[in-house]
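Shown below: input09.cif, with mmCIF, N, CA and C atoms.
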```cif
data_target
#
loop_
_atom_site.group_PDB
_atom_site.id
_atom_site.type_symbol
_atom_site.label_atom_id
_atom_site.label_comp_id
_atom_site.auth_asym_id
_atom_site.auth_seq_id
_atom_site.Cartn_x
_atom_site.Cartn_y
_atom_site.Cartn_z
ATOM 1 N N MET V 1 2.611 -11.673 -11.251
ATOM 2 C CA MET V 1 1.838 -12.200 -10.157
ATOM 3 C C MET V 1 0.363 -12.062 -10.518
ATOM 4 N N ALA V 2 -0.361 -13.146 -10.446
ATOM 5 C CA ALA V 2 -1.795 -13.116 -10.709
ATOM 6 C C ALA V 2 -2.534 -12.976 -9.387
ATOM 7 N N ILE V 3 -3.333 -11.958 -9.297
ATOM 8 C CA ILE V 3 -4.084 -11.693 -8.074
ATOM 9 C C ILE V 3 -5.556 -11.703 -8.432
ATOM 10 N N GLY V 4 -6.300 -12.586 -7.808
ATOM 11 C CA GLY V 4 -7.728 -12.685 -8.088
ATOM 12 C C GLY V 4 -8.536 -11.884 -7.091
ATOM 13 N N PRO V 5 -9.822 -11.767 -7.344
ATOM 14 C CA PRO V 5 -10.681 -11.036 -6.411
ATOM 15 C C PRO V 5 -10.779 -11.754 -5.073
ATOM 16 N N SER V 6 -11.088 -11.019 -4.056
ATOM 17 C CA SER V 6 -11.211 -11.565 -2.710
ATOM 18 C C SER V 6 -12.414 -12.496 -2.630
ATOM 19 N N ASP V 7 -12.325 -13.529 -1.797
ATOM 20 C CA ASP V 7 -13.395 -14.512 -1.661
ATOM 21 C C ASP V 7 -14.285 -14.249 -0.443
ATOM 22 N N GLY V 8 -14.336 -13.038 0.030
ATOM 23 C CA GLY V 8 -15.155 -12.716 1.189
ATOM 24 C C GLY V 8 -14.316 -12.372 2.400
ATOM 25 N N TRP V 9 -13.167 -12.975 2.523
ATOM 26 C CA TRP V 9 -12.216 -12.611 3.566
ATOM 27 C C TRP V 9 -11.314 -11.554 2.978
ATOM 28 N N HIS V 10 -10.838 -10.683 3.785
ATOM 29 C CA HIS V 10 -9.977 -9.633 3.261
ATOM 30 C C HIS V 10 -8.526 -10.089 3.287
ATOM 31 N N ASP V 11 -7.916 -10.102 2.130
ATOM 32 C CA ASP V 11 -6.529 -10.522 2.000
ATOM 33 C C ASP V 11 -5.598 -9.337 2.177
ATOM 34 N N VAL V 12 -4.466 -9.588 2.807
ATOM 35 C CA VAL V 12 -3.409 -8.590 2.930
ATOM 36 C C VAL V 12 -2.196 -9.148 2.206
ATOM 37 N N LEU V 13 -1.701 -8.387 1.243
ATOM 38 C CA LEU V 13 -0.528 -8.798 0.484
ATOM 39 C C LEU V 13 0.667 -7.965 0.914
ATOM 40 N N VAL V 14 1.821 -8.596 1.011
ATOM 41 C CA VAL V 14 3.066 -7.900 1.313
ATOM 42 C C VAL V 14 3.908 -7.941 0.049
ATOM 43 N N LEU V 15 4.238 -6.763 -0.480
ATOM 44 C CA LEU V 15 5.031 -6.663 -1.701
ATOM 45 C C LEU V 15 6.320 -5.913 -1.414
ATOM 46 N N SER V 16 7.422 -6.442 -1.938
ATOM 47 C CA SER V 16 8.733 -5.789 -1.827
ATOM 48 C C SER V 16 9.378 -5.760 -3.206
ATOM 49 N N PRO V 17 8.904 -4.880 -4.082
ATOM 50 C CA PRO V 17 9.449 -4.852 -5.440
ATOM 51 C C PRO V 17 10.903 -4.386 -5.462
ATOM 52 N N GLU V 18 11.636 -4.900 -6.445
ATOM 53 C CA GLU V 18 13.026 -4.489 -6.639
ATOM 54 C C GLU V 18 13.156 -3.445 -7.741
ATOM 55 N N HIS V 19 12.165 -3.394 -8.639
ATOM 56 C CA HIS V 19 12.213 -2.497 -9.793
ATOM 57 C C HIS V 19 10.923 -1.682 -9.873
ATOM 58 N N PHE V 20 11.023 -0.507 -10.454
ATOM 59 C CA PHE V 20 9.865 0.376 -10.594
ATOM 60 C C PHE V 20 8.708 -0.332 -11.291
ATOM 61 N N ASP V 21 9.001 -1.099 -12.334
ATOM 62 C CA ASP V 21 7.955 -1.770 -13.104
ATOM 63 C C ASP V 21 7.126 -2.737 -12.263
ATOM 64 N N GLU V 22 7.684 -3.237 -11.173
ATOM 65 C CA GLU V 22 6.961 -4.173 -10.314
ATOM 66 C C GLU V 22 5.967 -3.458 -9.394
ATOM 67 N N ALA V 23 6.099 -2.155 -9.250
ATOM 68 C CA ALA V 23 5.239 -1.395 -8.339
ATOM 69 C C ALA V 23 3.783 -1.385 -8.799
ATOM 70 N N ILE V 24 3.538 -1.550 -10.094
ATOM 71 C CA ILE V 24 2.162 -1.575 -10.606
ATOM 72 C C ILE V 24 1.344 -2.675 -9.941
ATOM 73 N N GLU V 25 2.009 -3.743 -9.480
ATOM 74 C CA GLU V 25 1.300 -4.846 -8.822
ATOM 75 C C GLU V 25 0.538 -4.362 -7.586
ATOM 76 N N ALA V 26 1.079 -3.375 -6.892
ATOM 77 C CA ALA V 26 0.407 -2.848 -5.700
ATOM 78 C C ALA V 26 -0.914 -2.184 -6.079
ATOM 79 N N VAL V 27 -0.907 -1.403 -7.138
ATOM 80 C CA VAL V 27 -2.135 -0.735 -7.590
ATOM 81 C C VAL V 27 -3.149 -1.769 -8.074
ATOM 82 N N MET V 28 -2.667 -2.764 -8.812
ATOM 83 C CA MET V 28 -3.560 -3.811 -9.311
ATOM 84 C C MET V 28 -4.195 -4.585 -8.154
ATOM 85 N N ALA V 29 -3.425 -4.836 -7.105
ATOM 86 C CA ALA V 29 -3.954 -5.562 -5.945
ATOM 87 C C ALA V 29 -5.041 -4.749 -5.243
ATOM 88 N N VAL V 30 -4.824 -3.449 -5.085
ATOM 89 C CA VAL V 30 -5.846 -2.594 -4.467
ATOM 90 C C VAL V 30 -7.095 -2.572 -5.346
ATOM 91 N N ARG V 31 -6.906 -2.530 -6.635
ATOM 92 C CA ARG V 31 -8.049 -2.562 -7.554
ATOM 93 C C ARG V 31 -8.871 -3.840 -7.380
ATOM 94 N N GLU V 32 -8.203 -4.929 -7.012
ATOM 95 C CA GLU V 32 -8.874 -6.210 -6.772
ATOM 96 C C GLU V 32 -9.340 -6.355 -5.321
ATOM 97 N N GLN V 33 -9.379 -5.239 -4.582
ATOM 98 C CA GLN V 33 -9.905 -5.174 -3.213
ATOM 99 C C GLN V 33 -9.002 -5.814 -2.163
ATOM 100 N N HIS V 34 -7.701 -5.832 -2.405
ATOM 101 C CA HIS V 34 -6.747 -6.334 -1.422
ATOM 102 C C HIS V 34 -6.100 -5.167 -0.688
ATOM 103 N N THR V 35 -5.749 -5.384 0.553
ATOM 104 C CA THR V 35 -4.904 -4.447 1.282
ATOM 105 C C THR V 35 -3.462 -4.844 0.998
ATOM 106 N N VAL V 36 -2.600 -3.854 0.828
ATOM 107 C CA VAL V 36 -1.203 -4.113 0.475
ATOM 108 C C VAL V 36 -0.283 -3.425 1.469
ATOM 109 N N VAL V 37 0.705 -4.163 1.936
ATOM 110 C CA VAL V 37 1.830 -3.575 2.655
ATOM 111 C C VAL V 37 2.953 -3.529 1.629
ATOM 112 N N LEU V 38 3.353 -2.325 1.266
ATOM 113 C CA LEU V 38 4.359 -2.123 0.226
ATOM 114 C C LEU V 38 5.653 -1.663 0.867
ATOM 115 N N ASN V 39 6.702 -2.466 0.710
ATOM 116 C CA ASN V 39 8.010 -2.144 1.266
ATOM 117 C C ASN V 39 8.962 -1.864 0.107
ATOM 118 N N LEU V 40 9.426 -0.641 0.008
ATOM 119 C CA LEU V 40 10.281 -0.220 -1.108
ATOM 120 C C LEU V 40 11.760 -0.211 -0.743
ATOM 121 N N HIS V 41 12.148 -0.887 0.324
ATOM 122 C CA HIS V 41 13.530 -0.848 0.810
ATOM 123 C C HIS V 41 14.531 -1.468 -0.160
ATOM 124 N N ARG V 42 14.081 -2.264 -1.102
ATOM 125 C CA ARG V 42 14.988 -2.929 -2.039
ATOM 126 C C ARG V 42 15.331 -2.049 -3.242
ATOM 127 N N MET V 43 14.752 -0.869 -3.316
ATOM 128 C CA MET V 43 14.987 0.052 -4.432
ATOM 129 C C MET V 43 15.924 1.169 -4.006
ATOM 130 N N PRO V 44 16.680 1.722 -4.962
ATOM 131 C CA PRO V 44 17.453 2.928 -4.646
ATOM 132 C C PRO V 44 16.487 4.047 -4.227
ATOM 133 N N PRO V 45 16.914 4.950 -3.352
ATOM 134 C CA PRO V 45 16.008 5.982 -2.823
ATOM 135 C C PRO V 45 15.262 6.791 -3.885
ATOM 136 N N ASP V 46 15.925 7.176 -4.968
ATOM 137 C CA ASP V 46 15.242 7.977 -5.988
ATOM 138 C C ASP V 46 14.175 7.168 -6.720
ATOM 139 N N VAL V 47 14.446 5.903 -6.972
ATOM 140 C CA VAL V 47 13.464 5.037 -7.628
ATOM 141 C C VAL V 47 12.314 4.726 -6.667
ATOM 142 N N ALA V 48 12.641 4.516 -5.402
ATOM 143 C CA ALA V 48 11.604 4.253 -4.395
ATOM 144 C C ALA V 48 10.653 5.443 -4.281
ATOM 145 N N GLN V 49 11.172 6.659 -4.326
ATOM 146 C CA GLN V 49 10.320 7.847 -4.251
ATOM 147 C C GLN V 49 9.400 7.927 -5.459
ATOM 148 N N ARG V 50 9.950 7.647 -6.639
ATOM 149 C CA ARG V 50 9.139 7.638 -7.856
ATOM 150 C C ARG V 50 8.041 6.581 -7.778
ATOM 151 N N ALA V 51 8.411 5.393 -7.295
ATOM 152 C CA ALA V 51 7.442 4.299 -7.168
ATOM 153 C C ALA V 51 6.356 4.657 -6.157
ATOM 154 N N ALA V 52 6.744 5.250 -5.036
ATOM 155 C CA ALA V 52 5.766 5.648 -4.017
ATOM 156 C C ALA V 52 4.788 6.669 -4.590
ATOM 157 N N ASP V 53 5.299 7.652 -5.316
ATOM 158 C CA ASP V 53 4.433 8.665 -5.929
ATOM 159 C C ASP V 53 3.457 8.023 -6.916
ATOM 160 N N PHE V 54 3.975 7.116 -7.735
ATOM 161 C CA PHE V 54 3.152 6.441 -8.739
ATOM 162 C C PHE V 54 2.063 5.596 -8.076
ATOM 163 N N VAL V 55 2.455 4.770 -7.114
ATOM 164 C CA VAL V 55 1.510 3.867 -6.460
ATOM 165 C C VAL V 55 0.462 4.653 -5.671
ATOM 166 N N CYS V 56 0.884 5.643 -4.907
ATOM 167 C CA CYS V 56 -0.074 6.431 -4.125
ATOM 168 C C CYS V 56 -1.037 7.177 -5.038
ATOM 169 N N GLY V 57 -0.551 7.657 -6.166
ATOM 170 C CA GLY V 57 -1.429 8.302 -7.143
ATOM 171 C C GLY V 57 -2.435 7.331 -7.731
ATOM 172 N N GLY V 58 -1.978 6.126 -8.038
ATOM 173 C CA GLY V 58 -2.874 5.102 -8.569
ATOM 174 C C GLY V 58 -3.937 4.693 -7.566
ATOM 175 N N VAL V 59 -3.535 4.524 -6.319
ATOM 176 C CA VAL V 59 -4.487 4.155 -5.265
ATOM 177 C C VAL V 59 -5.491 5.290 -5.048
ATOM 178 N N HIS V 60 -5.017 6.522 -5.081
ATOM 179 C CA HIS V 60 -5.915 7.675 -4.944
ATOM 180 C C HIS V 60 -6.932 7.700 -6.088
ATOM 181 N N ALA V 61 -6.484 7.404 -7.306
ATOM 182 C CA ALA V 61 -7.388 7.383 -8.458
ATOM 183 C C ALA V 61 -8.473 6.319 -8.300
ATOM 184 N N LEU V 62 -8.180 5.272 -7.536
ATOM 185 C CA LEU V 62 -9.159 4.216 -7.264
ATOM 186 C C LEU V 62 -10.012 4.526 -6.031
ATOM 187 N N ASP V 63 -9.866 5.724 -5.486
ATOM 188 C CA ASP V 63 -10.543 6.142 -4.252
ATOM 189 C C ASP V 63 -10.102 5.326 -3.042
ATOM 190 N N GLY V 64 -8.911 4.744 -3.127
ATOM 191 C CA GLY V 64 -8.367 3.979 -2.012
ATOM 192 C C GLY V 64 -7.662 4.886 -1.023
ATOM 193 N N HIS V 65 -7.006 4.266 -0.060
ATOM 194 C CA HIS V 65 -6.317 5.000 0.996
ATOM 195 C C HIS V 65 -4.870 4.533 1.076
ATOM 196 N N GLN V 66 -3.991 5.435 1.492
ATOM 197 C CA GLN V 66 -2.589 5.076 1.694
ATOM 198 C C GLN V 66 -2.073 5.749 2.949
ATOM 199 N N GLN V 67 -1.163 5.069 3.604
ATOM 200 C CA GLN V 67 -0.551 5.608 4.819
ATOM 201 C C GLN V 67 0.896 5.147 4.865
ATOM 202 N N ARG V 68 1.802 6.097 5.035
ATOM 203 C CA ARG V 68 3.212 5.746 5.227
ATOM 204 C C ARG V 68 3.367 5.286 6.671
ATOM 205 N N ILE V 69 3.952 4.096 6.870
ATOM 206 C CA ILE V 69 4.151 3.585 8.225
ATOM 207 C C ILE V 69 5.626 3.411 8.560
ATOM 208 N N GLY V 70 6.490 3.763 7.626
ATOM 209 C CA GLY V 70 7.929 3.713 7.838
ATOM 210 C C GLY V 70 8.604 4.504 6.743
ATOM 211 N N ASP V 71 9.924 4.572 6.782
ATOM 212 C CA ASP V 71 10.645 5.340 5.763
ATOM 213 C C ASP V 71 10.329 4.855 4.355
ATOM 214 N N THR V 72 10.231 3.550 4.181
ATOM 215 C CA THR V 72 9.985 2.985 2.853
ATOM 216 C C THR V 72 8.806 2.023 2.840
ATOM 217 N N VAL V 73 7.949 2.099 3.845
ATOM 218 C CA VAL V 73 6.842 1.143 3.959
ATOM 219 C C VAL V 73 5.503 1.891 3.957
ATOM 220 N N PHE V 74 4.571 1.380 3.162
ATOM 221 C CA PHE V 74 3.250 1.977 3.018
ATOM 222 C C PHE V 74 2.180 0.911 3.183
ATOM 223 N N VAL V 75 1.028 1.308 3.721
ATOM 224 C CA VAL V 75 -0.160 0.464 3.708
ATOM 225 C C VAL V 75 -1.117 1.095 2.706
ATOM 226 N N LEU V 76 -1.625 0.270 1.798
ATOM 227 C CA LEU V 76 -2.534 0.716 0.750
ATOM 228 C C LEU V 76 -3.810 -0.098 0.868
ATOM 229 N N THR V 77 -4.957 0.567 0.863
ATOM 230 C CA THR V 77 -6.221 -0.151 1.007
ATOM 231 C C THR V 77 -7.228 0.311 -0.035
ATOM 232 N N PRO V 78 -8.145 -0.579 -0.399
ATOM 233 C CA PRO V 78 -9.237 -0.154 -1.277
ATOM 234 C C PRO V 78 -10.198 0.758 -0.515
ATOM 235 N N ALA V 79 -11.095 1.388 -1.236
ATOM 236 C CA ALA V 79 -12.040 2.332 -0.625
ATOM 237 C C ALA V 79 -12.914 1.668 0.432
ATOM 238 N N SER V 80 -13.130 0.373 0.319
ATOM 239 C CA SER V 80 -14.013 -0.334 1.251
ATOM 240 C C SER V 80 -13.374 -0.606 2.610
ATOM 241 N N VAL V 81 -12.102 -0.272 2.766
ATOM 242 C CA VAL V 81 -11.380 -0.526 4.019
ATOM 243 C C VAL V 81 -11.007 0.808 4.651
ATOM 244 N N ASN V 82 -11.405 1.009 5.892
ATOM 245 C CA ASN V 82 -11.007 2.214 6.623
ATOM 246 C C ASN V 82 -9.584 2.046 7.118
ATOM 247 N N LEU V 83 -8.799 3.074 6.982
ATOM 248 C CA LEU V 83 -7.409 3.052 7.415
ATOM 249 C C LEU V 83 -7.224 4.173 8.421
ATOM 250 N N ASN V 84 -6.980 3.812 9.675
ATOM 251 C CA ASN V 84 -6.788 4.782 10.751
ATOM 252 C C ASN V 84 -5.453 4.532 11.416
ATOM 253 N N ARG V 85 -4.811 5.600 11.821
ATOM 254 C CA ARG V 85 -3.536 5.484 12.517
ATOM 255 C C ARG V 85 -3.695 6.075 13.909
ATOM 256 N N ILE V 86 -3.305 5.313 14.907
ATOM 257 C CA ILE V 86 -3.327 5.781 16.285
ATOM 258 C C ILE V 86 -1.893 5.779 16.783
ATOM 259 N N ASN V 87 -1.418 6.932 17.207
ATOM 260 C CA ASN V 87 -0.063 7.037 17.739
ATOM 261 C C ASN V 87 -0.044 6.599 19.189
ATOM 262 N N ALA V 88 1.101 6.158 19.656
ATOM 263 C CA ALA V 88 1.241 5.720 21.047
ATOM 264 C C ALA V 88 0.869 6.848 22.007
ATOM 265 N N THR V 89 1.190 8.093 21.667
ATOM 266 C CA THR V 89 0.858 9.216 22.546
ATOM 267 C C THR V 89 -0.646 9.428 22.627
ATOM 268 N N ASP V 90 -1.378 9.097 21.554
ATOM 269 C CA ASP V 90 -2.838 9.205 21.572
ATOM 270 C C ASP V 90 -3.436 8.244 22.587
ATOM 271 N N ARG V 91 -2.873 7.067 22.716
ATOM 272 C CA ARG V 91 -3.395 6.054 23.635
ATOM 273 C C ARG V 91 -3.097 6.402 25.087
ATOM 274 N N THR V 92 -1.943 6.992 25.359
ATOM 275 C CA THR V 92 -1.578 7.286 26.746
ATOM 276 C C THR V 92 -2.357 8.467 27.302
ATOM 277 N N GLN V 93 -2.932 9.302 26.451
ATOM 278 C CA GLN V 93 -3.689 10.456 26.913
ATOM 279 C C GLN V 93 -5.116 10.098 27.295
ATOM 280 N N ASP V 94 -5.606 8.924 26.925
ATOM 281 C CA ASP V 94 -6.989 8.514 27.236
ATOM 282 C C ASP V 94 -7.144 8.060 28.661
#
```

Just give me the structure of the file as structure tokens.
Amino acid sequence: MAIGPSDGWHDVLVLSPEHFDEAIEAVMAVREQHTVVLNLHRMPPDVAQRAADFVCGGVHALDGHQQRIGDTVFVLTPASVNLNRINATDRTQD
């Protein structure tokens, strides 16, 4: 997959790799300033864990951010994007 730099609008890519080798695309996309929703549900659990560790480490090395939003789903952002999570209980207390 060829991913070019952003044209001023922020792109969000959804990736669902089937193999560990495809997970590098998520890191490459963050490096190109894209936000990525990474869904690892198509991988066996042990491979998905390895891929998650690899991708989150790569994003961290780029000073990006990562947040798990499901059992096998992650949001990955470049350093220029703030990533905040608000729980439903946080909203009801206001």

- Query: Which one of V:Pro17, V:Pro78, V:Gly64, V:Gly58 sits closest to Leu40 in chain V if you count only N, CA and C atoms?
  - Reply: V:Pro17

- Convert the output of the PyMOL selection byres ((chain V and resi 12) around 8) on the shown file into explicit residues, formatted as an MDAnalysis selection string. chainID V and resid 9:11 13:15 33:37

- Of the listed residues V:Val73, V:Ile24, V:Val30, V:Val59, that which approaches Arg42 in chain V most closely, counting only C-alpha atoms: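 Result for the nearest residue to Arg42 in chain V: V:Val73.
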
- Pull the alpha helix (DSSP H) assignments for chain V out of DSSP run on the backbone, and list those residues as a ChimeraX atom specification. /V:24-31,45-61,88-92

Do a neighbour search on Phe20 in chain V at 9 Å with only C-alpha atoms, toss out local chain neighbours closer than 3 positions, and write the hits as an mmCIF file with N, CA and C atoms, in the coordinates of the input.
```cif
data_model
loop_
_atom_site.group_PDB
_atom_site.id
_atom_site.type_symbol
_atom_site.label_atom_id
_atom_site.label_comp_id
_atom_site.auth_asym_id
_atom_site.auth_seq_id
_atom_site.Cartn_x
_atom_site.Cartn_y
_atom_site.Cartn_z
ATOM 1 N N PRO V 17 8.904 -4.880 -4.082
ATOM 2 C CA PRO V 17 9.449 -4.852 -5.440
ATOM 3 C C PRO V 17 10.903 -4.386 -5.462
ATOM 4 N N ALA V 23 6.099 -2.155 -9.250
ATOM 5 C CA ALA V 23 5.239 -1.395 -8.339
ATOM 6 C C ALA V 23 3.783 -1.385 -8.799
ATOM 7 N N ILE V 24 3.538 -1.550 -10.094
ATOM 8 C CA ILE V 24 2.162 -1.575 -10.606
ATOM 9 C C ILE V 24 1.344 -2.675 -9.941
ATOM 10 N N MET V 43 14.752 -0.869 -3.316
ATOM 11 C CA MET V 43 14.987 0.052 -4.432
ATOM 12 C C MET V 43 15.924 1.169 -4.006
ATOM 13 N N VAL V 47 14.446 5.903 -6.972
ATOM 14 C CA VAL V 47 13.464 5.037 -7.628
ATOM 15 C C VAL V 47 12.314 4.726 -6.667
ATOM 16 N N ALA V 48 12.641 4.516 -5.402
ATOM 17 C CA ALA V 48 11.604 4.253 -4.395
ATOM 18 C C ALA V 48 10.653 5.443 -4.281
ATOM 19 N N ARG V 50 9.950 7.647 -6.639
ATOM 20 C CA ARG V 50 9.139 7.638 -7.856
ATOM 21 C C ARG V 50 8.041 6.581 -7.778
ATOM 22 N N ALA V 51 8.411 5.393 -7.295
ATOM 23 C CA ALA V 51 7.442 4.299 -7.168
ATOM 24 C C ALA V 51 6.356 4.657 -6.157
#
```

- Message: Could you check the closest approach to Gln66 in chain V for each of V:Asp21, V:Leu83, V:Asn39, V:Asp53 and tell me which residue wins, using only C-alpha atoms?
- Response: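 Answer, going by the shortest atom-to-atom distance: V:Leu83.
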
- Find, counting only C-alpha atoms, the residue in V:Gln49, V:Pro44, V:Asp71, V:Leu76 that gets nearest to Val27 in chain V.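 Closest to Val27 in chain V, using only C-alpha atoms: V:Leu76.
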
Where is the centre and how long are the edges: axis-aligned box on range 50-57 of chain V, 6 Å on each side, Å to one decimal, as JSON:
```
{"center_x": 3.8, "center_y": 6.3, "center_z": -6.4, "size_x": 24.4, "size_y": 16.8, "size_z": 16.7}
```

- Task: May I have all residues of chain V that DSSP, computed from the backbone, assigns to strand (DSSP E), given as a list in words?
- Result: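 Taking chain V and keeping strand (DSSP E) only, one gets Val12, Leu13, Val14, Leu15, Thr35, Val36, Val37, Leu38, Asn39, His65, Gln66, Gln67, Arg68, Val73, Phe74, Val75, Leu76 and Thr77 of chain V.
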
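The space separating atom N of Asn82 in chain V from CA of Leu62 in chain V comes to 13.7 Å.
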
- Task: State, in Å with one decimal place, the distance from CA of Glu22 in chain V to atom C of Val75 in chain V.
- Result: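 Going from CA of Glu22 in chain V over to atom C of Val75 in chain V covers 16.2 Å.
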
- Please indicate the distance in Å from atom N of Leu38 in chain V to CA of Phe74 in chain V, rounded to one decimal place.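 Atom-to-atom, atom N of Leu38 in chain V to CA of Phe74 in chain V, that is 4.6 Å.
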
- Item | For His65 in chain V, the nearest of the candidates V:Arg31, V:Ala88, V:His41, V:Asp46, counting only C-alpha atoms |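 Under the stated criterion, the closest residue is V:Arg31.
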